[in-house]
Structure formats: C-alpha cells, structure tokens
>>> print(open('query00.cif').read())   # mmCIF, N, CA and C atoms and all ligand atoms
data_entry
loop_
_atom_site.label_atom_id
_atom_site.label_comp_id
_atom_site.auth_asym_id
_atom_site.auth_seq_id
_atom_site.Cartn_x
_atom_site.Cartn_y
_atom_site.Cartn_z
N MET Q 1 -12.48 2.79 -3.83
CA MET Q 1 -11.14 2.95 -3.28
C MET Q 1 -10.15 2.14 -4.10
N LYS Q 2 -9.06 2.79 -4.51
CA LYS Q 2 -8.16 2.14 -5.46
C LYS Q 2 -7.00 1.41 -4.79
N ILE Q 3 -6.84 1.62 -3.50
CA ILE Q 3 -5.73 0.97 -2.81
C ILE Q 3 -6.21 -0.33 -2.18
N LYS Q 4 -5.42 -1.38 -2.36
CA LYS Q 4 -5.77 -2.69 -1.83
C LYS Q 4 -4.65 -3.22 -0.93
N ILE Q 5 -4.99 -4.26 -0.17
CA ILE Q 5 -3.99 -4.91 0.67
C ILE Q 5 -2.83 -5.42 -0.18
N SER Q 6 -1.62 -5.23 0.35
CA SER Q 6 -0.33 -5.63 -0.24
C SER Q 6 0.16 -4.69 -1.35
N ASP Q 7 -0.57 -3.61 -1.60
CA ASP Q 7 -0.02 -2.57 -2.47
C ASP Q 7 1.13 -1.86 -1.75
N ASN Q 8 2.08 -1.39 -2.52
CA ASN Q 8 3.08 -0.51 -1.94
C ASN Q 8 2.61 0.92 -2.13
N VAL Q 9 2.62 1.67 -1.03
CA VAL Q 9 2.14 3.05 -1.12
C VAL Q 9 3.18 4.01 -0.57
N LEU Q 10 3.10 5.24 -1.04
CA LEU Q 10 3.94 6.33 -0.56
C LEU Q 10 3.04 7.29 0.20
N LEU Q 11 3.48 7.67 1.41
CA LEU Q 11 2.68 8.63 2.16
C LEU Q 11 3.01 10.04 1.71
N ILE Q 12 1.97 10.81 1.44
CA ILE Q 12 2.18 12.17 0.94
C ILE Q 12 1.73 13.21 1.95
N ALA Q 13 1.25 12.77 3.10
CA ALA Q 13 0.86 13.70 4.16
C ALA Q 13 1.02 13.01 5.51
N GLY Q 14 1.03 13.84 6.57
CA GLY Q 14 1.13 13.28 7.90
C GLY Q 14 2.57 13.15 8.36
N LYS Q 15 2.75 12.60 9.57
CA LYS Q 15 4.09 12.59 10.15
C LYS Q 15 5.04 11.62 9.45
N ASP Q 16 4.51 10.66 8.74
CA ASP Q 16 5.36 9.71 8.00
C ASP Q 16 5.42 10.05 6.51
N ARG Q 17 5.18 11.31 6.19
CA ARG Q 17 5.21 11.74 4.80
C ARG Q 17 6.56 11.41 4.16
N GLY Q 18 6.52 10.92 2.94
CA GLY Q 18 7.76 10.59 2.24
C GLY Q 18 8.21 9.16 2.43
N LYS Q 19 7.59 8.46 3.37
CA LYS Q 19 7.94 7.06 3.60
C LYS Q 19 7.00 6.16 2.80
N SER Q 20 7.48 4.97 2.53
CA SER Q 20 6.62 4.05 1.79
C SER Q 20 6.56 2.71 2.51
N GLY Q 21 5.56 1.95 2.19
CA GLY Q 21 5.40 0.65 2.84
C GLY Q 21 4.26 -0.11 2.21
N LYS Q 22 4.06 -1.30 2.78
CA LYS Q 22 3.07 -2.21 2.23
C LYS Q 22 1.76 -2.09 3.00
N VAL Q 23 0.67 -2.02 2.28
CA VAL Q 23 -0.64 -1.91 2.92
C VAL Q 23 -1.00 -3.25 3.58
N ILE Q 24 -1.30 -3.19 4.87
CA ILE Q 24 -1.62 -4.43 5.58
C ILE Q 24 -3.08 -4.53 5.98
N ARG Q 25 -3.76 -3.40 6.08
CA ARG Q 25 -5.19 -3.43 6.39
C ARG Q 25 -5.90 -2.34 5.60
N VAL Q 26 -7.12 -2.65 5.22
CA VAL Q 26 -7.92 -1.69 4.47
C VAL Q 26 -9.30 -1.61 5.10
N ASP Q 27 -9.76 -0.39 5.31
CA ASP Q 27 -11.12 -0.18 5.80
C ASP Q 27 -11.91 0.51 4.68
N GLN Q 28 -12.63 -0.30 3.93
CA GLN Q 28 -13.34 0.21 2.75
C GLN Q 28 -14.39 1.25 3.13
N LYS Q 29 -15.09 1.01 4.23
CA LYS Q 29 -16.18 1.91 4.60
C LYS Q 29 -15.70 3.29 4.99
N ARG Q 30 -14.63 3.32 5.78
CA ARG Q 30 -14.13 4.62 6.25
C ARG Q 30 -13.05 5.19 5.34
N LYS Q 31 -12.71 4.45 4.28
CA LYS Q 31 -11.66 4.86 3.34
C LYS Q 31 -10.34 5.13 4.06
N LYS Q 32 -9.95 4.14 4.85
CA LYS Q 32 -8.69 4.25 5.58
C LYS Q 32 -7.84 3.01 5.34
N ILE Q 33 -6.53 3.21 5.44
CA ILE Q 33 -5.60 2.10 5.27
C ILE Q 33 -4.57 2.10 6.39
N ALA Q 34 -3.95 0.95 6.62
CA ALA Q 34 -2.83 0.85 7.55
C ALA Q 34 -1.65 0.28 6.79
N VAL Q 35 -0.48 0.87 7.02
CA VAL Q 35 0.72 0.49 6.28
C VAL Q 35 1.75 -0.08 7.25
N GLU Q 36 2.37 -1.16 6.83
CA GLU Q 36 3.35 -1.85 7.64
C GLU Q 36 4.43 -0.90 8.17
N LYS Q 37 4.64 -0.91 9.46
CA LYS Q 37 5.67 -0.13 10.17
C LYS Q 37 5.52 1.39 10.05
N LEU Q 38 4.39 1.85 9.57
CA LEU Q 38 4.17 3.29 9.50
C LEU Q 38 2.96 3.68 10.34
N ASN Q 39 2.99 4.94 10.80
CA ASN Q 39 1.91 5.45 11.63
C ASN Q 39 1.71 4.57 12.86
N LEU Q 40 2.84 4.20 13.46
CA LEU Q 40 2.78 3.32 14.62
C LEU Q 40 2.34 4.08 15.87
N ILE Q 41 1.55 3.45 16.67
CA ILE Q 41 1.30 3.99 17.99
C ILE Q 41 1.64 2.93 19.02
N THR Q 42 1.96 3.41 20.20
CA THR Q 42 2.32 2.48 21.26
C THR Q 42 1.15 2.36 22.21
N LYS Q 43 0.77 1.15 22.44
CA LYS Q 43 -0.33 0.90 23.37
C LYS Q 43 0.24 0.24 24.62
N HIS Q 44 -0.16 0.78 25.74
CA HIS Q 44 0.31 0.21 27.00
C HIS Q 44 -0.74 -0.75 27.53
N ILE Q 45 -0.30 -1.95 27.79
CA ILE Q 45 -1.21 -2.93 28.36
C ILE Q 45 -1.01 -2.91 29.88
N LYS Q 46 -2.08 -2.68 30.57
CA LYS Q 46 -1.99 -2.56 32.03
C LYS Q 46 -1.65 -3.88 32.69
N LYS Q 47 -0.95 -3.73 33.79
CA LYS Q 47 -0.63 -4.91 34.59
C LYS Q 47 -1.91 -5.49 35.17
N THR Q 48 -1.99 -6.78 35.11
CA THR Q 48 -3.09 -7.44 35.81
C THR Q 48 -2.50 -8.56 36.65
N LYS Q 49 -3.34 -9.26 37.31
CA LYS Q 49 -2.86 -10.38 38.13
C LYS Q 49 -2.24 -11.47 37.27
N THR Q 50 -2.77 -11.62 36.04
CA THR Q 50 -2.29 -12.71 35.20
C THR Q 50 -1.20 -12.29 34.22
N SER Q 51 -1.10 -11.00 33.89
CA SER Q 51 -0.03 -10.59 32.98
C SER Q 51 0.75 -9.44 33.59
N LYS Q 52 2.00 -9.30 33.17
CA LYS Q 52 2.86 -8.30 33.80
C LYS Q 52 2.81 -6.95 33.12
N GLY Q 53 1.95 -6.79 32.14
CA GLY Q 53 1.86 -5.50 31.46
C GLY Q 53 2.92 -5.38 30.39
N ASP Q 54 2.63 -4.62 29.36
CA ASP Q 54 3.54 -4.58 28.22
C ASP Q 54 3.24 -3.35 27.36
N LYS Q 55 4.16 -3.08 26.44
CA LYS Q 55 3.92 -2.06 25.42
C LYS Q 55 3.85 -2.77 24.08
N VAL Q 56 2.85 -2.47 23.32
CA VAL Q 56 2.82 -3.02 21.97
C VAL Q 56 2.71 -1.87 20.98
N ARG Q 57 3.42 -2.01 19.89
CA ARG Q 57 3.34 -1.01 18.84
C ARG Q 57 2.55 -1.61 17.69
N TYR Q 58 1.61 -0.85 17.20
CA TYR Q 58 0.87 -1.35 16.06
C TYR Q 58 0.48 -0.22 15.11
N GLU Q 59 0.17 -0.62 13.90
CA GLU Q 59 -0.12 0.33 12.84
C GLU Q 59 -1.56 0.80 12.95
N THR Q 60 -1.74 2.11 12.96
CA THR Q 60 -3.10 2.64 12.98
C THR Q 60 -3.52 3.06 11.57
N PHE Q 61 -4.80 3.15 11.42
CA PHE Q 61 -5.35 3.56 10.13
C PHE Q 61 -5.11 5.04 9.87
N PHE Q 62 -4.88 5.40 8.63
CA PHE Q 62 -4.93 6.80 8.25
C PHE Q 62 -5.70 6.93 6.95
N ASP Q 63 -6.01 8.16 6.63
CA ASP Q 63 -6.88 8.41 5.50
C ASP Q 63 -6.21 8.00 4.19
N VAL Q 64 -6.98 7.38 3.33
CA VAL Q 64 -6.43 6.88 2.07
C VAL Q 64 -5.92 8.02 1.19
N SER Q 65 -6.47 9.21 1.39
CA SER Q 65 -6.02 10.35 0.58
C SER Q 65 -4.61 10.80 0.95
N ASN Q 66 -4.06 10.27 2.06
CA ASN Q 66 -2.69 10.59 2.44
C ASN Q 66 -1.67 9.71 1.75
N ALA Q 67 -2.14 8.78 0.93
CA ALA Q 67 -1.22 7.82 0.32
C ALA Q 67 -1.44 7.74 -1.18
N MET Q 68 -0.35 7.43 -1.88
CA MET Q 68 -0.45 7.17 -3.31
C MET Q 68 0.17 5.81 -3.59
N ILE Q 69 -0.38 5.09 -4.54
CA ILE Q 69 0.18 3.80 -4.91
C ILE Q 69 1.55 4.01 -5.55
N LEU Q 70 2.51 3.20 -5.13
CA LEU Q 70 3.81 3.21 -5.79
C LEU Q 70 3.74 2.16 -6.90
N CYS Q 71 3.90 2.60 -8.11
CA CYS Q 71 3.78 1.69 -9.24
C CYS Q 71 4.95 0.70 -9.22
N PRO Q 72 4.68 -0.60 -9.29
CA PRO Q 72 5.78 -1.57 -9.29
C PRO Q 72 6.60 -1.55 -10.58
N HIS Q 73 6.11 -0.90 -11.59
CA HIS Q 73 6.81 -0.89 -12.88
C HIS Q 73 7.70 0.32 -13.06
N CYS Q 74 7.17 1.52 -12.78
CA CYS Q 74 7.99 2.71 -12.96
C CYS Q 74 8.49 3.26 -11.62
N SER Q 75 8.11 2.59 -10.51
CA SER Q 75 8.58 2.97 -9.17
C SER Q 75 8.26 4.41 -8.80
N LYS Q 76 7.22 4.96 -9.38
CA LYS Q 76 6.82 6.31 -9.05
C LYS Q 76 5.46 6.30 -8.37
N PRO Q 77 5.20 7.30 -7.52
CA PRO Q 77 3.85 7.40 -6.97
C PRO Q 77 2.89 7.71 -8.12
N ALA Q 78 1.95 6.83 -8.34
CA ALA Q 78 1.18 6.90 -9.56
C ALA Q 78 -0.30 7.14 -9.31
N ARG Q 79 -0.90 7.87 -10.20
CA ARG Q 79 -2.36 7.90 -10.24
C ARG Q 79 -2.80 6.66 -10.98
N VAL Q 80 -3.92 6.13 -10.53
CA VAL Q 80 -4.35 4.84 -11.04
C VAL Q 80 -5.71 4.98 -11.70
N GLU Q 81 -5.86 4.32 -12.81
CA GLU Q 81 -7.18 4.30 -13.43
C GLU Q 81 -7.59 2.84 -13.66
N TYR Q 82 -8.86 2.65 -13.81
CA TYR Q 82 -9.36 1.30 -14.03
C TYR Q 82 -9.45 1.01 -15.51
N LYS Q 83 -9.10 -0.21 -15.86
CA LYS Q 83 -9.21 -0.65 -17.24
C LYS Q 83 -9.99 -1.96 -17.23
N THR Q 84 -10.99 -2.03 -18.04
CA THR Q 84 -11.81 -3.23 -18.07
C THR Q 84 -11.55 -4.00 -19.37
N GLU Q 85 -11.15 -5.24 -19.19
CA GLU Q 85 -10.95 -6.12 -20.34
C GLU Q 85 -11.84 -7.33 -20.15
N GLY Q 86 -12.88 -7.40 -20.96
CA GLY Q 86 -13.83 -8.49 -20.78
C GLY Q 86 -14.46 -8.38 -19.41
N LYS Q 87 -14.28 -9.43 -18.61
CA LYS Q 87 -14.89 -9.42 -17.28
C LYS Q 87 -13.91 -8.98 -16.21
N THR Q 88 -12.65 -8.82 -16.56
CA THR Q 88 -11.68 -8.46 -15.54
C THR Q 88 -11.42 -6.96 -15.53
N LYS Q 89 -11.38 -6.44 -14.33
CA LYS Q 89 -11.14 -5.03 -14.14
C LYS Q 89 -9.76 -4.92 -13.49
N SER Q 90 -8.86 -4.22 -14.11
CA SER Q 90 -7.54 -4.10 -13.51
C SER Q 90 -7.19 -2.63 -13.32
N ARG Q 91 -6.22 -2.41 -12.44
CA ARG Q 91 -5.79 -1.04 -12.15
C ARG Q 91 -4.53 -0.74 -12.95
N ILE Q 92 -4.55 0.39 -13.63
CA ILE Q 92 -3.47 0.75 -14.54
C ILE Q 92 -2.80 2.02 -14.04
N CYS Q 93 -1.47 2.03 -14.07
CA CYS Q 93 -0.71 3.22 -13.74
C CYS Q 93 -0.86 4.22 -14.87
N LYS Q 94 -1.22 5.46 -14.54
CA LYS Q 94 -1.43 6.45 -15.59
C LYS Q 94 -0.12 6.89 -16.24
N LEU Q 95 1.00 6.64 -15.55
CA LEU Q 95 2.28 7.08 -16.09
C LEU Q 95 2.83 6.10 -17.11
N CYS Q 96 2.83 4.80 -16.78
CA CYS Q 96 3.46 3.84 -17.68
C CYS Q 96 2.45 2.88 -18.31
N LYS Q 97 1.19 3.03 -17.93
CA LYS Q 97 0.10 2.23 -18.50
C LYS Q 97 0.21 0.73 -18.19
N GLU Q 98 1.02 0.40 -17.17
CA GLU Q 98 1.13 -1.00 -16.78
C GLU Q 98 0.18 -1.26 -15.61
N SER Q 99 -0.19 -2.52 -15.45
CA SER Q 99 -1.06 -2.89 -14.35
C SER Q 99 -0.30 -2.78 -13.03
N VAL Q 100 -0.97 -2.24 -12.00
CA VAL Q 100 -0.34 -2.19 -10.68
C VAL Q 100 -0.88 -3.31 -9.78
N ASP Q 101 -1.68 -4.19 -10.33
CA ASP Q 101 -2.24 -5.26 -9.53
C ASP Q 101 -1.18 -6.29 -9.20
N GLN Q 102 -1.13 -6.65 -7.92
CA GLN Q 102 -0.08 -7.55 -7.44
C GLN Q 102 -0.10 -8.91 -8.12
N LYS Q 103 -1.26 -9.36 -8.50
CA LYS Q 103 -1.38 -10.68 -9.13
C LYS Q 103 -0.48 -10.81 -10.36
N PHE Q 104 -0.34 -9.70 -11.07
CA PHE Q 104 0.40 -9.76 -12.34
C PHE Q 104 1.85 -9.35 -12.15
N ASP Q 105 2.18 -8.88 -10.96
CA ASP Q 105 3.49 -8.28 -10.77
C ASP Q 105 4.66 -9.21 -11.03
N SER Q 106 4.65 -10.37 -10.36
CA SER Q 106 5.85 -11.20 -10.41
C SER Q 106 6.19 -11.59 -11.84
N SER Q 107 5.23 -11.99 -12.61
CA SER Q 107 5.51 -12.40 -13.98
C SER Q 107 5.90 -11.19 -14.83
N ALA Q 108 5.22 -10.08 -14.62
CA ALA Q 108 5.50 -8.89 -15.42
C ALA Q 108 6.90 -8.35 -15.14
N ILE Q 109 7.29 -8.38 -13.86
CA ILE Q 109 8.61 -7.85 -13.51
C ILE Q 109 9.71 -8.79 -14.04
N LYS Q 110 9.49 -10.08 -13.94
CA LYS Q 110 10.48 -11.04 -14.44
C LYS Q 110 10.72 -10.84 -15.95
N SER Q 111 9.63 -10.67 -16.69
CA SER Q 111 9.80 -10.53 -18.13
C SER Q 111 10.47 -9.19 -18.47
N LYS Q 112 10.26 -8.21 -17.60
CA LYS Q 112 10.89 -6.91 -17.85
C LYS Q 112 12.38 -6.94 -17.58
N LYS Q 113 12.78 -7.72 -16.61
CA LYS Q 113 14.19 -7.76 -16.23
C LYS Q 113 15.06 -8.30 -17.36
N THR Q 114 14.50 -9.17 -18.18
CA THR Q 114 15.28 -9.75 -19.26
C THR Q 114 15.50 -8.75 -20.41
N LYS Q 115 14.60 -7.78 -20.47
CA LYS Q 115 14.74 -6.78 -21.53
C LYS Q 115 15.69 -5.68 -21.10
N LYS Q 116 16.40 -5.13 -22.01
CA LYS Q 116 17.24 -3.98 -21.70
C LYS Q 116 16.39 -2.72 -21.72
N GLN Q 117 16.64 -1.86 -20.75
CA GLN Q 117 15.88 -0.62 -20.72
C GLN Q 117 16.42 0.35 -21.76
N SER Q 118 15.51 0.94 -22.47
CA SER Q 118 15.94 1.86 -23.52
C SER Q 118 15.88 3.28 -23.00
ZN ZN X 201 3.89 3.03 -13.62
#
>>> encode(input="query00.cif", output="structure tokens", more="lines below")
Ligand SMILES: [Zn+2]
Amino acid sequence: MKIKISDNVLLIAGKDRGKSGKVIRVDQKRKKIAVEKLNLITKHIKKTKTSKGDKVRYETFFDVSNAMILCPHCSKPARVEYKTEGKTKSRICKLCKESVDQKFDSSAIKSKKTKKQS
C-alpha cells in the first residue's frame, strides 16, 4: 500500500469525490484509509445514568483505491512508484519524479520556493 499517514490525498470516488485531505489512519491489512474531515459519520451515544448522551462525528475508513496521493511538489493527484537508493526506499511521483515522502517535504519545498519557476 502506497498511502501512508499524513499524506495528502484526493478522493476519486464516493460521496466525497473531488475533496482532499490528510490521511489520519491507515489499515494496512484491509487496505483502507481514513482522511481528516472526510467520510464523516455521526454516531449517537445513548443516554445513560452517568452521561447525557451525545453525537460524535468521526472519520470512517474507505477503500484505498478511492484515493490518490496529492503530490506536494506538482500539486497533482499522482501515481507513485518506489525508488530504492541504497537501503532507503522512497516514494516518487511519476509526474515530476520528486519524492512524495513527508520526511523530505519541508526542506524540499523550502528550497523550491527560492527558485523561480520556469
Ligand atoms: Zn509530482
């Protein structure tokens, strides 16, 4: 599974199609992900003697095939391939060939901002 926690993804299917958000939970076994503020369901908590009951909204899992990684470099929904350099395996955007791994993002984006786009 190529999507990891804290990736930005674009939904390409389902009721939240076209929306994007940050991955907050990943279920590797079932190949499902949950995205911040998307695919929300409302759960009603029943009244009990000790609590007055409530509604909570939370993100449910959906199939990973409904989402595409949004590349932090070209800002497009990108197909991702793996690139192995020595012992490190990183995920590369097929469109711009830049790493989509969050670890490298902040430094990579900062250095890009100083350059003028051609
Ligand atoms: Zn890209």
>>> closest_atom_pairs(input="query00.cif", of="chain Q", to="ligand ZN 201 (chain X)", cutoff="6 Å", atoms="only C-alpha atoms and all ligand atoms", output="Markdown table")
| residue | atom | partner | partner_atom | distance |
| --- | --- | --- | --- | --- |
| Q:Cys71 | CA | X:ZN201 | ZN | 4.6 |
| Q:His73 | CA | X:ZN201 | ZN | 4.9 |
| Q:Cys74 | CA | X:ZN201 | ZN | 4.2 |
| Q:Cys93 | CA | X:ZN201 | ZN | 4.6 |
| Q:Leu95 | CA | X:ZN201 | ZN | 5.0 |
| Q:Cys96 | CA | X:ZN201 | ZN | 4.2 |
| Q:Glu98 | CA | X:ZN201 | ZN | 5.8 |
>>> closest_residue(input="query00.cif", among="Q:Gly86, Q:Ala67, Q:Lys47, Q:Gly53", to="Ser20 (chain Q)", atoms="only C-alpha atoms")
Q:Ala67
>>> closest_residue(input="query00.cif", among="Q:Val80, Q:Asn66, Q:Glu59, Q:Lys32", to="Leu10 (chain Q)", atoms="only N, CA and C atoms")
Q:Asn66
>>> select_by_dssp(input="query00.cif", residues="chain Q", states="strand (DSSP E)", output="PyMOL selection string")
chain Q and resi 8-11+20-27+32-35+40-45+54-59+62-63+67-70+77-78+80-85+88-93
>>> residues_around(input="query00.cif", residues="Ile92 (chain Q)", least_positions_apart="6", cutoff="7 Å", atoms="all atoms listed in the file", output="PDB file with N, CA and C atoms, in the coordinates of the input")
ATOM      1  N   ARG Q  79      -0.900   7.870 -10.200  1.00  0.00           N
ATOM      2  CA  ARG Q  79      -2.360   7.900 -10.240  1.00  0.00           C
ATOM      3  C   ARG Q  79      -2.800   6.660 -10.980  1.00  0.00           C
ATOM      4  N   VAL Q  80      -3.920   6.130 -10.530  1.00  0.00           N
ATOM      5  CA  VAL Q  80      -4.350   4.840 -11.040  1.00  0.00           C
ATOM      6  C   VAL Q  80      -5.710   4.980 -11.700  1.00  0.00           C
ATOM      7  N   GLU Q  81      -5.860   4.320 -12.810  1.00  0.00           N
ATOM      8  CA  GLU Q  81      -7.180   4.300 -13.430  1.00  0.00           C
ATOM      9  C   GLU Q  81      -7.590   2.840 -13.660  1.00  0.00           C
ATOM     10  N   TYR Q  82      -8.860   2.650 -13.810  1.00  0.00           N
ATOM     11  CA  TYR Q  82      -9.360   1.300 -14.030  1.00  0.00           C
ATOM     12  C   TYR Q  82      -9.450   1.010 -15.510  1.00  0.00           C
ATOM     13  N   LYS Q  83      -9.100  -0.210 -15.860  1.00  0.00           N
ATOM     14  CA  LYS Q  83      -9.210  -0.650 -17.240  1.00  0.00           C
ATOM     15  C   LYS Q  83      -9.990  -1.960 -17.230  1.00  0.00           C
ATOM     16  N   GLU Q  98       1.020   0.400 -17.170  1.00  0.00           N
ATOM     17  CA  GLU Q  98       1.130  -1.000 -16.780  1.00  0.00           C
ATOM     18  C   GLU Q  98       0.180  -1.260 -15.610  1.00  0.00           C
ATOM     19  N   SER Q  99      -0.190  -2.520 -15.450  1.00  0.00           N
ATOM     20  CA  SER Q  99      -1.060  -2.890 -14.350  1.00  0.00           C
ATOM     21  C   SER Q  99      -0.300  -2.780 -13.030  1.00  0.00           C
ATOM     22  N   VAL Q 100      -0.970  -2.240 -12.000  1.00  0.00           N
ATOM     23  CA  VAL Q 100      -0.340  -2.190 -10.680  1.00  0.00           C
ATOM     24  C   VAL Q 100      -0.880  -3.310  -9.780  1.00  0.00           C
ATOM     25  N   ASP Q 101      -1.680  -4.190 -10.330  1.00  0.00           N
ATOM     26  CA  ASP Q 101      -2.240  -5.260  -9.530  1.00  0.00           C
ATOM     27  C   ASP Q 101      -1.180  -6.290  -9.200  1.00  0.00           C
TER      28      ASP Q 101
END
>>> closest_residue(input="query00.cif", among="Q:Lys97, Q:Leu38, Q:Ser75, Q:Leu70", to="Lys15 (chain Q)", atoms="only C-alpha atoms")
Q:Leu38
>>> atom_distance(input="query00.cif", atom1="atom C of Asp16 (chain Q)", atom2="CA of Ile45 (chain Q)")
26.3 Å
>>> closest_residue(input="query00.cif", among="Q:Lys87, Q:Val26, Q:Ser65, Q:Thr42", to="Leu11 (chain Q)", atoms="all atoms listed in the file")
Q:Ser65
>>> atom_distance(input="query00.cif", atom1="CA of Lys94 (chain Q)", atom2="CA of Ile5 (chain Q)")
20.0 Å
>>> atom_distance(input="query00.cif", atom1="atom N of Ile24 (chain Q)", atom2="CA of Asp54 (chain Q)")
23.9 Å
>>> select_by_dssp(input="query00.cif", residues="chain Q", states="alpha helix (DSSP H)", output="NGL selection string")
:Q and (102-114)
>>> write_last_selection(input="query00.cif", atoms="N, CA and C atoms", output="PDB file, in the frame of the given file")
ATOM      1  N   GLN Q 102      -1.130  -6.650  -7.920  1.00  0.00           N
ATOM      2  CA  GLN Q 102      -0.080  -7.550  -7.440  1.00  0.00           C
ATOM      3  C   GLN Q 102      -0.100  -8.910  -8.120  1.00  0.00           C
ATOM      4  N   LYS Q 103      -1.260  -9.360  -8.500  1.00  0.00           N
ATOM      5  CA  LYS Q 103      -1.380 -10.680  -9.130  1.00  0.00           C
ATOM      6  C   LYS Q 103      -0.480 -10.810 -10.360  1.00  0.00           C
ATOM      7  N   PHE Q 104      -0.340  -9.700 -11.070  1.00  0.00           N
ATOM      8  CA  PHE Q 104       0.400  -9.760 -12.340  1.00  0.00           C
ATOM      9  C   PHE Q 104       1.850  -9.350 -12.150  1.00  0.00           C
ATOM     10  N   ASP Q 105       2.180  -8.880 -10.960  1.00  0.00           N
ATOM     11  CA  ASP Q 105       3.490  -8.280 -10.770  1.00  0.00           C
ATOM     12  C   ASP Q 105       4.660  -9.210 -11.030  1.00  0.00           C
ATOM     13  N   SER Q 106       4.650 -10.370 -10.360  1.00  0.00           N
ATOM     14  CA  SER Q 106       5.850 -11.200 -10.410  1.00  0.00           C
ATOM     15  C   SER Q 106       6.190 -11.590 -11.840  1.00  0.00           C
ATOM     16  N   SER Q 107       5.230 -11.990 -12.610  1.00  0.00           N
ATOM     17  CA  SER Q 107       5.510 -12.400 -13.980  1.00  0.00           C
ATOM     18  C   SER Q 107       5.900 -11.190 -14.830  1.00  0.00           C
ATOM     19  N   ALA Q 108       5.220 -10.080 -14.620  1.00  0.00           N
ATOM     20  CA  ALA Q 108       5.500  -8.890 -15.420  1.00  0.00           C
ATOM     21  C   ALA Q 108       6.900  -8.350 -15.140  1.00  0.00           C
ATOM     22  N   ILE Q 109       7.290  -8.380 -13.860  1.00  0.00           N
ATOM     23  CA  ILE Q 109       8.610  -7.850 -13.510  1.00  0.00           C
ATOM     24  C   ILE Q 109       9.710  -8.790 -14.040  1.00  0.00           C
ATOM     25  N   LYS Q 110       9.490 -10.080 -13.940  1.00  0.00           N
ATOM     26  CA  LYS Q 110      10.480 -11.040 -14.440  1.00  0.00           C
ATOM     27  C   LYS Q 110      10.720 -10.840 -15.950  1.00  0.00           C
ATOM     28  N   SER Q 111       9.630 -10.670 -16.690  1.00  0.00           N
ATOM     29  CA  SER Q 111       9.800 -10.530 -18.130  1.00  0.00           C
ATOM     30  C   SER Q 111      10.470  -9.190 -18.470  1.00  0.00           C
ATOM     31  N   LYS Q 112      10.260  -8.210 -17.600  1.00  0.00           N
ATOM     32  CA  LYS Q 112      10.890  -6.910 -17.850  1.00  0.00           C
ATOM     33  C   LYS Q 112      12.380  -6.940 -17.580  1.00  0.00           C
ATOM     34  N   LYS Q 113      12.780  -7.720 -16.610  1.00  0.00           N
ATOM     35  CA  LYS Q 113      14.190  -7.760 -16.230  1.00  0.00           C
ATOM     36  C   LYS Q 113      15.060  -8.300 -17.360  1.00  0.00           C
ATOM     37  N   THR Q 114      14.500  -9.170 -18.180  1.00  0.00           N
ATOM     38  CA  THR Q 114      15.280  -9.750 -19.260  1.00  0.00           C
ATOM     39  C   THR Q 114      15.500  -8.750 -20.410  1.00  0.00           C
TER      40      THR Q 114
END
>>> closest_residue(input="query00.cif", among="Q:Ile41, Q:Glu36, Q:Arg17, Q:Arg91", to="Lys55 (chain Q)", atoms="all atoms listed in the file")
Q:Ile41
>>> residues_around(input="query00.cif", residues="Val35 (chain Q)", least_positions_apart="5", cutoff="6 Å", atoms="only C-alpha atoms", output="PyMOL selection string")
chain Q and resi 21-24
